[in-house]
Amino acid sequence: MNALTVEGLTKTYPSFTLDNVSFSLERGRIMGLIGKNGAGKSTTLKSILNLVSPDKGKIELLGMPFPRREEDCKQKTGVVLGGIDFFQHKRLETITAVTRRFYRAWDQGAYERYLKEFDLDPRKRVKELSAGMRVKYLIALALSHGAELFLFDEPTSGLDPVSRDELLELFRALVEGGTRSILYSTHITSDLEKCADDITYIKDGRVLASAEKSRFLQSFQHLRTPEDAAPLTLEDIMVRTERRTFHV
Amino acid sequence: MSELLYKELRLAAHPSLYIFMCMGALLLIPAYPYGVVFFFGCLGLFQSFMFDRETRDVFYTALLPRPKRDVVKGKLLLAVFSQLVQLALSLPFAFLRTLYLPQGNPVGMEPNAAWYGFGLMVYGIFNLVFFTQFYKTAYKAGTSFLIALIPTTLGIIAIEASVHFPGMGWLDGMDGASLARQIPILLAGAAVYAAANALAYRIGARRFERVDL
């Protein structure tokens, strides 16, 4: 069973269209959603979560139709929206005390273990945490309610290399058992070289390619030039696909 | 207590909302337009909506395992809770007036059964206009408040002015006979308040479901 299936997702804005986006994520895998700024990565993730209401398209989360079974889907989903930090002045323990009441499968013992594992102090306020620690806190919450699908929108943007590497390590550990899956949007392609199993590339609101990582890389090797000694990386592929020339 | 209301009170409500909920104490001012108490109730709610925009509350709530429309339900529960608690907390002060300020209020209506009934109507109208306006965008709190303030202010002025018209003295009465005549206004106020909130939720939720966050 797929962790996530997106079919024909379409959303039209006055100056941008997310056009017929389709892809699927298998259980136990990490999929990187790449594309330059404004390509439609966040709109795709927000549409999957019903934060943006799509014009059309079919979405299934963990085999359940969304938004028809919105509550059940969200019970099993953990979300990190990069750059959106809520309740900066609240203590983690206050946010947790509220959040846990909404989840049927909340496991307080597990939550306390994850706080220790991630070195999170529940007495701290959100604003006192580093960007990496905030992501870890949201992951601790999601793990404590038994999330099986994680949707991350640029979770490593703005992090230093050490924190980024630590998070990537954590992402790999999350999917190890084969039941949890991650869809992870980013434009930091080197992160995906390290941790993604599959890549979906969105360009100007359309899916340009969606495949297992090595097949994905292979399918873009026609962009190589005689000067290239090594196979193209994700970054090379993005840069060569998106490159514009200016006549000024 | 519902999870949504609990969340609103612990995470979302601005501290000033709790202060405005205690504004019923103004009923002990000897001569004062007591309808202002309703204005403060609306102001507290507006402050809270502004605060929510700063704390990104809408994203937190929309990601909870609830339908998207429950964002509107949570806020409406907070509005109803704060308004009803404010009115309930004002009751002891209304009673104390009868003991220590028996000469009445020369400015406007006495805080009697009619006053509470009209107050519920004013709150109902405010909620209906404010929620349906705000959830067109889920961020224009200032504009929505100003638009909702127009009928709210007119309602408050009408309440205060009504007792000065000939033959309307019973609306200002605190005696048993006057209070008995005012009971239908209180009941009508409760009915209008319930209907306006139901409509505010229905329209607000429908509009919010189309909003792109």
# chains A, B, ... in the order shown; residues from 1 in each chain; ligands from 1
$ interface_residues --of "chain A" --to "chain B" --cutoff "7 Å" --atoms "only C-alpha atoms" --output "ChimeraX atom specification"
/A:51-53,70-71,74-75,86-88,98,101-102
$ write_last_selection --atoms "N, CA and C atoms" --output "CSV table (one decimal), in the first residue's frame"
chain,number,residue,atom,x,y,z
A,51,LEU,N,-4.8,22.7,3.4
A,51,LEU,CA,-4.6,24.1,3.8
A,51,LEU,C,-4.9,25.0,2.6
A,52,VAL,N,-4.7,24.5,1.5
A,52,VAL,CA,-5.1,25.1,0.2
A,52,VAL,C,-6.1,24.2,-0.4
A,53,SER,N,-7.2,24.8,-0.9
A,53,SER,CA,-8.2,23.9,-1.4
A,53,SER,C,-8.0,23.8,-2.9
A,70,GLU,N,-10.6,13.2,6.5
A,70,GLU,CA,-9.6,14.1,7.0
A,70,GLU,C,-9.1,13.9,8.4
A,71,GLU,N,-10.0,13.6,9.3
A,71,GLU,CA,-9.6,13.4,10.7
A,71,GLU,C,-8.7,12.2,10.9
A,74,LYS,N,-5.3,12.8,9.3
A,74,LYS,CA,-4.4,13.7,10.1
A,74,LYS,C,-4.0,13.0,11.4
A,75,GLN,N,-4.8,12.1,11.9
A,75,GLN,CA,-4.3,11.3,13.2
A,75,GLN,C,-3.0,10.6,12.9
A,86,PHE,N,4.5,28.4,15.3
A,86,PHE,CA,3.4,28.9,16.0
A,86,PHE,C,3.7,29.0,17.5
A,87,PHE,N,3.0,29.9,18.2
A,87,PHE,CA,3.1,30.1,19.6
A,87,PHE,C,4.5,30.2,20.1
A,88,GLN,N,5.2,31.2,19.6
A,88,GLN,CA,6.6,31.4,19.9
A,88,GLN,C,6.8,31.6,21.4
A,98,VAL,N,-2.0,20.7,25.2
A,98,VAL,CA,-3.1,20.9,24.3
A,98,VAL,C,-3.2,19.9,23.2
A,101,ARG,N,-4.4,16.2,23.5
A,101,ARG,CA,-5.9,15.9,23.7
A,101,ARG,C,-6.6,15.6,22.4
A,102,PHE,N,-5.9,16.0,21.3
A,102,PHE,CA,-6.6,15.8,20.0
A,102,PHE,C,-6.3,14.4,19.4
$ residues_around --residues "Tyr111 (chain A)" --least-positions-apart "6" --cutoff "9 Å" --atoms "only C-alpha atoms" --output "JSON, numbers by chain"
{"A": [140, 141, 143, 144, 145]}
$ residues_around --residues "Asp204 (chain A)" --least-positions-apart "6" --cutoff "10 Å" --atoms "only C-alpha atoms" --output "list in words"
Phe16, Thr17, Leu18, Asp19, Gly35, Lys36, Asn37, Gly38, Ala39, Gly40, Lys41 and Glu242 of chain A
$ write_last_selection --atoms "N, CA and C atoms" --output "CSV table (one decimal), in the first residue's frame"
chain,number,residue,atom,x,y,z
A,16,PHE,N,-0.4,31.7,-11.4
A,16,PHE,CA,0.4,30.4,-11.2
A,16,PHE,C,-0.6,29.3,-11.2
A,17,THR,N,-0.2,28.2,-11.9
A,17,THR,CA,-1.1,27.0,-11.9
A,17,THR,C,-0.3,25.8,-11.5
A,18,LEU,N,-0.8,25.1,-10.5
A,18,LEU,CA,-0.3,23.8,-10.2
A,18,LEU,C,-1.1,22.8,-11.1
A,19,ASP,N,-0.4,22.2,-12.0
A,19,ASP,CA,-1.1,21.6,-13.1
A,19,ASP,C,-1.0,20.1,-13.1
A,35,GLY,N,12.5,21.4,-6.7
A,35,GLY,CA,12.0,22.5,-7.6
A,35,GLY,C,12.5,23.8,-7.1
A,36,LYS,N,12.7,24.8,-8.0
A,36,LYS,CA,13.2,26.1,-7.5
A,36,LYS,C,12.1,26.8,-6.7
A,37,ASN,N,12.4,27.9,-6.1
A,37,ASN,CA,11.4,28.7,-5.4
A,37,ASN,C,10.3,29.1,-6.3
A,38,GLY,N,9.1,28.9,-5.8
A,38,GLY,CA,7.9,29.3,-6.6
A,38,GLY,C,7.4,28.2,-7.6
A,39,ALA,N,8.1,27.0,-7.6
A,39,ALA,CA,7.7,26.0,-8.6
A,39,ALA,C,6.4,25.3,-8.2
A,40,GLY,N,6.0,25.4,-6.9
A,40,GLY,CA,4.8,24.7,-6.5
A,40,GLY,C,4.9,23.6,-5.5
A,41,LYS,N,6.1,23.6,-4.9
A,41,LYS,CA,6.3,22.5,-3.9
A,41,LYS,C,5.4,22.7,-2.6
A,242,GLU,N,16.7,24.5,-15.2
A,242,GLU,CA,16.1,25.8,-14.9
A,242,GLU,C,16.8,27.0,-15.5
$ closest_residue --among "A:Gln218, A:Thr94, A:Asn2, A:Thr186" --to "Phe152 (chain A)" --atoms "only C-alpha atoms"
A:Thr186
$ residues_around --residues "Asp172 (chain B)" --least-positions-apart "5" --cutoff "12 Å" --atoms "only C-alpha atoms" --output "PyMOL selection string"
chain B and resi 103-116+159-167+177-179+181-182
$ write_last_selection --atoms "C-alpha atoms" --output "PDB file, in the first residue's frame"
ATOM      1  CA  GLN B 103     -31.539  56.055  42.264  1.00  0.00           C
ATOM      2  CA  GLY B 104     -30.942  54.417  38.870  1.00  0.00           C
ATOM      3  CA  ASN B 105     -28.867  55.372  35.840  1.00  0.00           C
ATOM      4  CA  PRO B 106     -29.612  58.794  34.340  1.00  0.00           C
ATOM      5  CA  VAL B 107     -27.484  58.095  31.221  1.00  0.00           C
ATOM      6  CA  GLY B 108     -29.134  55.035  29.704  1.00  0.00           C
ATOM      7  CA  MET B 109     -30.717  51.694  30.430  1.00  0.00           C
ATOM      8  CA  GLU B 110     -30.461  49.996  33.801  1.00  0.00           C
ATOM      9  CA  PRO B 111     -28.753  46.572  33.691  1.00  0.00           C
ATOM     10  CA  ASN B 112     -32.038  44.698  33.927  1.00  0.00           C
ATOM     11  CA  ALA B 113     -33.543  41.715  32.054  1.00  0.00           C
ATOM     12  CA  ALA B 114     -34.151  43.842  28.929  1.00  0.00           C
ATOM     13  CA  TRP B 115     -30.546  45.067  28.992  1.00  0.00           C
ATOM     14  CA  TYR B 116     -29.233  41.502  29.059  1.00  0.00           C
ATOM     15  CA  ILE B 159     -30.339  50.401  23.676  1.00  0.00           C
ATOM     16  CA  GLU B 160     -29.135  53.417  25.625  1.00  0.00           C
ATOM     17  CA  ALA B 161     -31.454  55.854  23.837  1.00  0.00           C
ATOM     18  CA  SER B 162     -34.591  53.698  23.975  1.00  0.00           C
ATOM     19  CA  VAL B 163     -35.348  54.425  27.656  1.00  0.00           C
ATOM     20  CA  HIS B 164     -35.487  58.163  26.984  1.00  0.00           C
ATOM     21  CA  PHE B 165     -38.491  57.853  24.661  1.00  0.00           C
ATOM     22  CA  PRO B 166     -41.948  58.522  26.120  1.00  0.00           C
ATOM     23  CA  GLY B 167     -43.774  55.377  27.200  1.00  0.00           C
ATOM     24  CA  ALA B 177     -43.643  44.344  37.209  1.00  0.00           C
ATOM     25  CA  SER B 178     -41.151  45.908  34.791  1.00  0.00           C
ATOM     26  CA  LEU B 179     -38.822  42.904  35.001  1.00  0.00           C
ATOM     27  CA  ARG B 181     -42.499  42.683  31.076  1.00  0.00           C
ATOM     28  CA  GLN B 182     -38.843  42.469  30.074  1.00  0.00           C
TER      29      GLN B 182
END
$ residues_around --residues "region 186-192 of chain B" --least-positions-apart "5" --cutoff "12 Å" --atoms "only C-alpha atoms" --output "number ranges by chain"
B: 80, 84, 111-128, 171, 179-181, 197-200
$ residues_around --residues "Val175 (chain A)" --least-positions-apart "6" --cutoff "8 Å" --atoms "only C-alpha atoms" --output "number ranges by chain"
A: 28-30, 181-182
$ atom_distance --atom1 "CA of Leu151 (chain A)" --atom2 "CA of Tyr135 (chain B)"
26.1 Å
$ select_by_dssp --residues "region 160-223 of chain A" --states "helix (DSSP H, G or I)" --output "PyMOL selection string"
chain A and resi 161-175+189-195+213-219+221-223
$ atom_distance --atom1 "CA of Thr189 (chain A)" --atom2 "CA of Leu234 (chain A)"
5.9 Å
$ closest_residue --among "B:Thr143, B:Ser48, B:Gln83, B:Thr137" --to "Tyr193 (chain B)" --atoms "only C-alpha atoms"
B:Gln83
$ closest_residue --among "B:Leu28, B:Val72, B:Leu87, B:Leu5" --to "Gly41 (chain B)" --atoms "only C-alpha atoms"
B:Leu87
$ atom_distance --atom1 "CA of Ala230 (chain A)" --atom2 "CA of Glu193 (chain A)"
14.8 Å
$ residues_around --residues "Gln221 (chain A)" --least-positions-apart "2" --cutoff "9 Å" --atoms "only C-alpha atoms" --output "short mmCIF file (atom, residue, chain, number, x, y, z; two decimals) with all heavy atoms, in the first residue's frame"
data_model
loop_
_atom_site.label_atom_id
_atom_site.label_comp_id
_atom_site.auth_asym_id
_atom_site.auth_seq_id
_atom_site.Cartn_x
_atom_site.Cartn_y
_atom_site.Cartn_z
N LEU A 217 18.17 10.10 -11.62
CA LEU A 217 19.44 10.70 -12.05
C LEU A 217 19.82 10.24 -13.46
O LEU A 217 20.26 11.03 -14.29
CB LEU A 217 20.56 10.32 -11.05
CG LEU A 217 20.43 10.95 -9.66
CD1 LEU A 217 21.40 10.31 -8.67
CD2 LEU A 217 20.70 12.46 -9.73
N GLN A 218 19.59 8.96 -13.69
CA GLN A 218 19.92 8.39 -14.99
C GLN A 218 19.14 9.06 -16.13
O GLN A 218 19.68 9.37 -17.19
CB GLN A 218 19.61 6.87 -14.96
CG GLN A 218 20.21 6.08 -16.09
CD GLN A 218 21.73 6.27 -16.19
OE1 GLN A 218 22.44 6.22 -15.20
NE2 GLN A 218 22.21 6.53 -17.40
N SER A 219 17.86 9.35 -15.83
CA SER A 219 16.99 9.88 -16.89
C SER A 219 17.37 11.30 -17.30
O SER A 219 16.89 11.81 -18.31
CB SER A 219 15.53 9.84 -16.44
OG SER A 219 15.33 10.74 -15.39
N LEU A 223 21.67 15.54 -20.23
CA LEU A 223 22.06 16.95 -20.09
C LEU A 223 23.58 17.11 -19.92
O LEU A 223 24.08 18.23 -19.90
CB LEU A 223 21.36 17.57 -18.86
CG LEU A 223 19.83 17.63 -18.91
CD1 LEU A 223 19.27 18.12 -17.57
CD2 LEU A 223 19.36 18.55 -20.02
N ARG A 224 24.29 15.98 -19.82
CA ARG A 224 25.75 16.05 -19.65
C ARG A 224 26.41 16.62 -20.90
O ARG A 224 25.93 16.41 -22.01
CB ARG A 224 26.34 14.66 -19.40
CG ARG A 224 26.18 14.19 -17.97
CD ARG A 224 26.72 12.81 -17.79
NE ARG A 224 28.17 12.76 -17.79
CZ ARG A 224 28.88 11.66 -17.61
NH1 ARG A 224 28.26 10.50 -17.40
NH2 ARG A 224 30.19 11.69 -17.63
N PRO A 231 29.03 11.81 -13.45
CA PRO A 231 27.59 11.90 -13.71
C PRO A 231 27.00 13.15 -13.06
O PRO A 231 27.52 13.63 -12.06
CB PRO A 231 27.03 10.63 -13.06
CG PRO A 231 28.18 9.72 -12.89
CD PRO A 231 29.39 10.58 -12.74
N LEU A 232 25.92 13.64 -13.61
CA LEU A 232 25.30 14.85 -13.08
C LEU A 232 24.66 14.59 -11.72
O LEU A 232 24.05 13.54 -11.50
CB LEU A 232 24.22 15.36 -14.04
CG LEU A 232 24.67 15.78 -15.44
CD1 LEU A 232 23.48 16.30 -16.24
CD2 LEU A 232 25.75 16.85 -15.36
N ILE A 237 21.41 18.85 -12.37
CA ILE A 237 20.19 18.62 -13.16
C ILE A 237 19.24 19.81 -13.02
O ILE A 237 18.71 20.32 -14.00
CB ILE A 237 19.51 17.31 -12.70
CG1 ILE A 237 20.36 16.11 -13.12
CG2 ILE A 237 18.10 17.19 -13.26
CD1 ILE A 237 19.95 14.79 -12.49
#
$ closest_residue --among "B:Met174, B:Val85, B:Leu99, B:Leu76" --to "Phe134 (chain B)" --atoms "only C-alpha atoms"
B:Leu76
